[in-house]
4 protein chains.
Amino acid sequence: MKLSAQSKADKRQAILDAALRCFSRDGFHATTTGDIVREAGVSQGALYLYFRSKDELILALADDRRRSDALIAVLVAHEDDPLRGVTELMELYGRSLIDPQTREIRRVAVQGWAEALRSEAIRDQTLRAIAEVRGLIVETIRKGQESGLFRAEVSAAALADILIAAFNGLTLRTAWGEALDLEPVGQTLAEMIRRLLLPS
Amino acid sequence: MKLSAQSKADKRQAILDAALRCFSRDGFHATTTGDIVREAGVSQGALYLYFRSKDELILALADDRRRSDALIAVLVAHEDDPLRGVTELMELYGRSLIDPQTREIRRVAVQGWAEALRSEAIRDQTLRAIAEVRGLIVETIRKGQESGLFRAEVSAAALADILIAAFNGLTLRTAWGEALDLEPVGQTLAEMIRRLLLPS
Amino acid sequence: MKLSAQSKADKRQAILDAALRCFSRDGFHATTTGDIVREAGVSQGALYLYFRSKDELILALADDRRRSDALIAVLVAHEDDPLRGVTELMELYGRSLIDPQTREIRRVAVQGWAEALRSEAIRDQTLRAIAEVRGLIVETIRKGQESGLFRAEVSAAALADILIAAFNGLTLRTAWGEALDLEPVGQTLAEMIRRLLLPS
Amino acid sequence: MKLSAQSKADKRQAILDAALRCFSRDGFHATTTGDIVREAGVSQGALYLYFRSKDELILALADDRRRSDALIAVLVAHEDDPLRGVTELMELYGRSLIDPQTREIRRVAVQGWAEALRSEAIRDQTLRAIAEVRGLIVETIRKGQESGLFRAEVSAAALADILIAAFNGLTLRTAWGEALDLEPVGQTLAEMIRRLLLPS
DNA sequence: TATGAATGAGACTTCATTCAT
DNA sequence: AATGAATGAAGTCTCATTCAT
């Protein structure tokens with residue numbers, strides 16, 4: 001009985017979802033494949049019909065592609081309004097930090113950071129995602145500078161790195177369950193960027 | 001042959017050093033106690049004369065107390081010159097990020113972040129260290145505001161969180177071995193802080 | 001390849017049998033799980049598919065349920081003939097003491113007695129089995145007393161305890177491999193009981 | 001500094017006492033030499049100055065020589081009054097069963113029974129002690145038979161075995177901490193012996 | 001395609017004993 | 001004689017992966 005492509009994809013996704021829950025709860029290493037198949041309601045063997053190994057499952061969940069895609073989309077959407085682009089980027093990031101739906105994803109992402117230290121595949125994937133977002137931030141700032149909107153003395157690359165670093169640092173804090181008051185943090189960061197970029 | 005407190009501490013430290021090298025290279029979980037004792041040049045049993053378990057070893061290495069202590073020292077040293085305090089803090093942090101000697105520590109710290117998601121002991125320890133640094137940053141900024149040096153409208157807490165987040169984010173990037181050009185990053189961040197805090 | 005309940009029970013029993021042989025030969029503590037799986041012809045991991053731990057295996061073998069069940073059956077079978085019941089009980093017990101097939105069981109039972117000192121689970125199980133047999137012996141004697149067959153002055157409980165104590169003591173002696181001549185022992189004990197219970 | 005023979009013997013005894021407490025509490029195998037030296041307040045190495053190995057310590061405590069010596073003394077003391085000898089034997093045994101001071105000894109003795117299954121040295125020692133007591137009981141009964149006091153038809157050897165078996169079985173029950181009511185048990189057993197031995 | 005029993009390497013930890021001091 | 005740090009073999013149990021059905 002051949003499974004339709006649809007139900008095959010469904011089952012694969014069900015396993016991924018189960019793995020995300022397990023990894024978020026217990027971490028990559030304390031999670032056993034037994035935990036995952038139990039959570040997914042499939043058989044032990046089924047896991048290996050859809051994934052080559054536990055590591056492949058980790059790799060598939062180690063970065064948060066959905067988030068970086070969203071960030072990229074925002075920057076692209078506002079490419080003719082650099083200030084708006086940067087502002088919206090921060091808005092979006094801030095919202096994602098407090099969205100309870102992405103809590104598991106953020107926790108797993110932090111674990112992915114640790115795994116990226118050891119696994120070249122995970123590191124490549126993670127760095128590529130960061131580089132992509134970073135590239136677009138740089139481009140956005142450059143555009144603002146070229147149009148005379150932003151101060152030309154500012155290093156676009158440095159600012160991009162600072163933004164990404166701050167984002168990652170905040171992701172970390174919220175992943176730990178700390179109740180950060182993100183409202184003033186967002187406003188203060190926005191103010192810092194404005195004062196840096198806009199001519200006084 | 002009763003060991004002196006000194007030589008006992010030395011041996012304990014030798015094991016810690018070996019564990020740090022192993023953890024940095026292979027991660028907490030892929031490192032076996034066998035790896036550690038081989039690296040330390042002691043017997044399997046010796047490990048348990050100095051540590052109750054592998055977990056205790058992980059806990060002992062999961063945060064980077066030396067770094068947070070140094071940060072605190074800097075802030076305390078310049079408590080009558082808030083602007084200098086914040087600047088020196090950034091200097092120190094920046095230097096530590098490129099110091100090859102602390103590379104292993106930074107790699108292990110990132111793994112500690114992931115472990116902190118699962119282990120209450122590690123999380124407590126990590127959050128406590130962060131809270132301590134954060135508290136001193138807030139205090140330093142407040143002092144500057146009270147003396148009229150800094151703009152009173154700025155949220156000291158928010159700025160402290162942003163700084164810490166950026167620091168952590170940069171630690172992460174350097175832990176991965178990325179060759180960040182930290183010079184402009186540091187200058188840009190300093191400029192952002194000055195423009196935010198100092199009256200224009 | 002879902003195992004049928006039958007073959008699952010069979011395999012469990014095969015491991016139990018192997019463990020019995022090992023425990024009888026080397027004792028609970030000198031027997032390793034490696035010994036057991038080798039004797040059973042299964043893999044290390046297989047043991048843990050059928051038993052949660054080595055302790056569970058010990059618990060499962062620590063008392064001799066088959067023997068106490070047989071004793072109970074005898075007493076129940078002759079509940080309308082108390083003298084016969086007691087006599088048959090002794091017969092059965094005596095036969096079991098010299099049955100080479102139960103030699104391993106008796107050796108393991110003695111070890112269970114020692115384990116019962118430390119393990120509440122084993123002690124509970126052992127005491128429960130004894131209490132059950134004891135209760136039936138008491139009841140049988142009481143019945144004989146009520147019908148006027150046995151002397152009413154005899155403490156049924158005390159006699160039951162004496163019988164059980166003697167049985168256990170004899171089990172111990174035979175477990176050690178001593179060549180007791182059980183024939184006269186049985187006859188003498190029977191004579192003691194008759195002279196105690198029957199009106200002279 | 002040469003230790004006097006006295007203090008050497010004292011220290012040896014202190015270790016034995018500590019071992020008895022540990023063995024009684026945790027069993028031979030769950031007790032570590034570390035437990036014993038801690039309980040005795042001596043150093044790890046000291047143990048091996050007084051005993052060749054842990055096994056030697058077990059052997060030294062595995063049987064209850066003090067009890068069997070006392071039993072023998074009673075029988076010898078009344079060798080010209082066989083009935084009295086047997087009665088006193090039972091009295092003494094009964095008292096020892098409820099003496100809280102010998103509780104640890106009885107618990108360790110039961111463990112010795114299990115060890116005797118595996119260790120030839122312990123088995124020899126245990127069987128020898130039993131044989132000694134048994135021999136004296138047989139002799140006592142024989143004497144009574146020869147003097148016409150006891151019925152000649154009774155098998156002295158069988159009765160001795162029954163008595164010893166009952167004693168051991170009762171030791172077992174009390175070692176488990178069961179609150180047996182030994183008063184009626186003793187009386188009933190005495191009655192059984194009288195009725196068996198004395199001409200009606 | 002799907003199952004889940006089976007595998008067996010290997011991880012962590014303990015512990016009786018030794019031996020340098 | 002005495003100490004206690006050190007040893008390292010060995011034990012129990014787990015778990016990612018395979019494969020017969």
# chains A, B, ... in the order shown; residues from 1 in each chain; ligands from 1
>>> residues_around(residues="range 6-19 of chain F", least_positions_apart="6", cutoff="8 Å", atoms="only C-alpha atoms (C1' of nucleotides)", output="VMD selection string")
(chain A and resid 32 to 33 54) or (chain B and resid 43 to 46) or (chain C and resid 32 to 33)
>>> write_last_selection(atoms="N, CA and C atoms", output="PDB file, in the first residue's frame")
ATOM      1  N   THR A  32      15.820  10.558  23.684  1.00  0.00           N
ATOM      2  CA  THR A  32      16.144   9.329  22.975  1.00  0.00           C
ATOM      3  C   THR A  32      15.222   9.191  21.771  1.00  0.00           C
ATOM      4  N   THR A  33      15.646   8.387  20.847  1.00  0.00           N
ATOM      5  CA  THR A  33      14.756   8.153  19.704  1.00  0.00           C
ATOM      6  C   THR A  33      13.465   7.501  20.199  1.00  0.00           C
ATOM      7  N   LYS A  54      19.294  10.055  13.953  1.00  0.00           N
ATOM      8  CA  LYS A  54      18.895  11.069  14.929  1.00  0.00           C
ATOM      9  C   LYS A  54      19.586  12.394  14.603  1.00  0.00           C
TER      10      LYS A  54
ATOM     11  N   SER B  43      43.741   8.402  36.836  1.00  0.00           N
ATOM     12  CA  SER B  43      42.970   7.174  36.651  1.00  0.00           C
ATOM     13  C   SER B  43      41.479   7.464  36.676  1.00  0.00           C
ATOM     14  N   GLN B  44      40.720   6.519  36.194  1.00  0.00           N
ATOM     15  CA  GLN B  44      39.259   6.656  36.217  1.00  0.00           C
ATOM     16  C   GLN B  44      38.767   7.023  37.612  1.00  0.00           C
ATOM     17  N   GLY B  45      39.229   6.281  38.586  1.00  0.00           N
ATOM     18  CA  GLY B  45      38.731   6.497  39.933  1.00  0.00           C
ATOM     19  C   GLY B  45      39.090   7.868  40.485  1.00  0.00           C
ATOM     20  N   ALA B  46      40.233   8.385  40.087  1.00  0.00           N
ATOM     21  CA  ALA B  46      40.697   9.663  40.650  1.00  0.00           C
ATOM     22  C   ALA B  46      39.683  10.777  40.410  1.00  0.00           C
TER      23      ALA B  46
ATOM     24  N   THR C  32      26.737 -11.724  37.606  1.00  0.00           N
ATOM     25  CA  THR C  32      26.611 -10.477  36.856  1.00  0.00           C
ATOM     26  C   THR C  32      25.511 -10.633  35.817  1.00  0.00           C
ATOM     27  N   THR C  33      25.008  -9.510  35.374  1.00  0.00           N
ATOM     28  CA  THR C  33      24.001  -9.592  34.316  1.00  0.00           C
ATOM     29  C   THR C  33      24.619 -10.256  33.085  1.00  0.00           C
TER      30      THR C  33
END
>>> interface_residues(of="chain F", to="chain D", cutoff="9 Å", atoms="only C-alpha atoms (C1' of nucleotides)", output="list in words")
DA1, DA2, DT3 and DG4 of chain F
>>> closest_atom_pairs(of="chain A", to="chain B", cutoff="7 Å", atoms="only C-alpha atoms", output="JSON lines")
{"residue": "A:Asp26", "atom": "CA", "partner": "B:Arg118", "partner_atom": "CA", "distance": 6.2}
{"residue": "A:Gly27", "atom": "CA", "partner": "B:Arg118", "partner_atom": "CA", "distance": 6.9}
{"residue": "A:His29", "atom": "CA", "partner": "B:His29", "partner_atom": "CA", "distance": 6.9}
{"residue": "A:Val110", "atom": "CA", "partner": "B:Ala114", "partner_atom": "CA", "distance": 5.9}
{"residue": "A:Gln111", "atom": "CA", "partner": "B:Ala114", "partner_atom": "CA", "distance": 4.9}
{"residue": "A:Ala114", "atom": "CA", "partner": "B:Gln111", "partner_atom": "CA", "distance": 4.9}
{"residue": "A:Leu117", "atom": "CA", "partner": "B:Trp176", "partner_atom": "CA", "distance": 5.8}
{"residue": "A:Arg118", "atom": "CA", "partner": "B:Asp26", "partner_atom": "CA", "distance": 6.3}
{"residue": "A:Ser155", "atom": "CA", "partner": "B:Pro184", "partner_atom": "CA", "distance": 6.9}
{"residue": "A:Ala158", "atom": "CA", "partner": "B:Val185", "partner_atom": "CA", "distance": 4.5}
{"residue": "A:Leu159", "atom": "CA", "partner": "B:Thr188", "partner_atom": "CA", "distance": 6.8}
{"residue": "A:Ile162", "atom": "CA", "partner": "B:Ala166", "partner_atom": "CA", "distance": 6.2}
{"residue": "A:Ala165", "atom": "CA", "partner": "B:Gly169", "partner_atom": "CA", "distance": 3.8}
{"residue": "A:Ala166", "atom": "CA", "partner": "B:Ala166", "partner_atom": "CA", "distance": 4.0}
{"residue": "A:Asn168", "atom": "CA", "partner": "B:Gly169", "partner_atom": "CA", "distance": 5.2}
{"residue": "A:Gly169", "atom": "CA", "partner": "B:Ala165", "partner_atom": "CA", "distance": 3.8}
{"residue": "A:Leu170", "atom": "CA", "partner": "B:Ala165", "partner_atom": "CA", "distance": 5.4}
{"residue": "A:Trp176", "atom": "CA", "partner": "B:Leu117", "partner_atom": "CA", "distance": 5.8}
{"residue": "A:Pro184", "atom": "CA", "partner": "B:Ala158", "partner_atom": "CA", "distance": 5.8}
{"residue": "A:Val185", "atom": "CA", "partner": "B:Ala158", "partner_atom": "CA", "distance": 4.5}
{"residue": "A:Thr188", "atom": "CA", "partner": "B:Ala158", "partner_atom": "CA", "distance": 6.6}
{"residue": "A:Met192", "atom": "CA", "partner": "B:Met192", "partner_atom": "CA", "distance": 5.5}
{"residue": "A:Arg195", "atom": "CA", "partner": "B:Arg195", "partner_atom": "CA", "distance": 6.2}
{"residue": "A:Leu196", "atom": "CA", "partner": "B:Met192", "partner_atom": "CA", "distance": 5.6}
>>> select_by_dssp(residues="chain C", states="helix (DSSP H, G or I)", output="PyMOL selection string")
chain C and resi 5-30+33-40+44-50+54-62+65-77+82-98+100-116+120-146+156-175+182-197
>>> interface_residues(of="chain E", to="chain B", cutoff="9 Å", atoms="only C-alpha atoms (C1' of nucleotides)", output="ChimeraX atom specification")
/E:11-14,20-21
>>> atom_distance(atom1="CA of Arg66 in chain B", atom2="CA of Tyr93 in chain B")
11.9 Å
>>> atom_distance(atom1="CA of Ala18 in chain A", atom2="CA of Ile122 in chain A")
19.9 Å
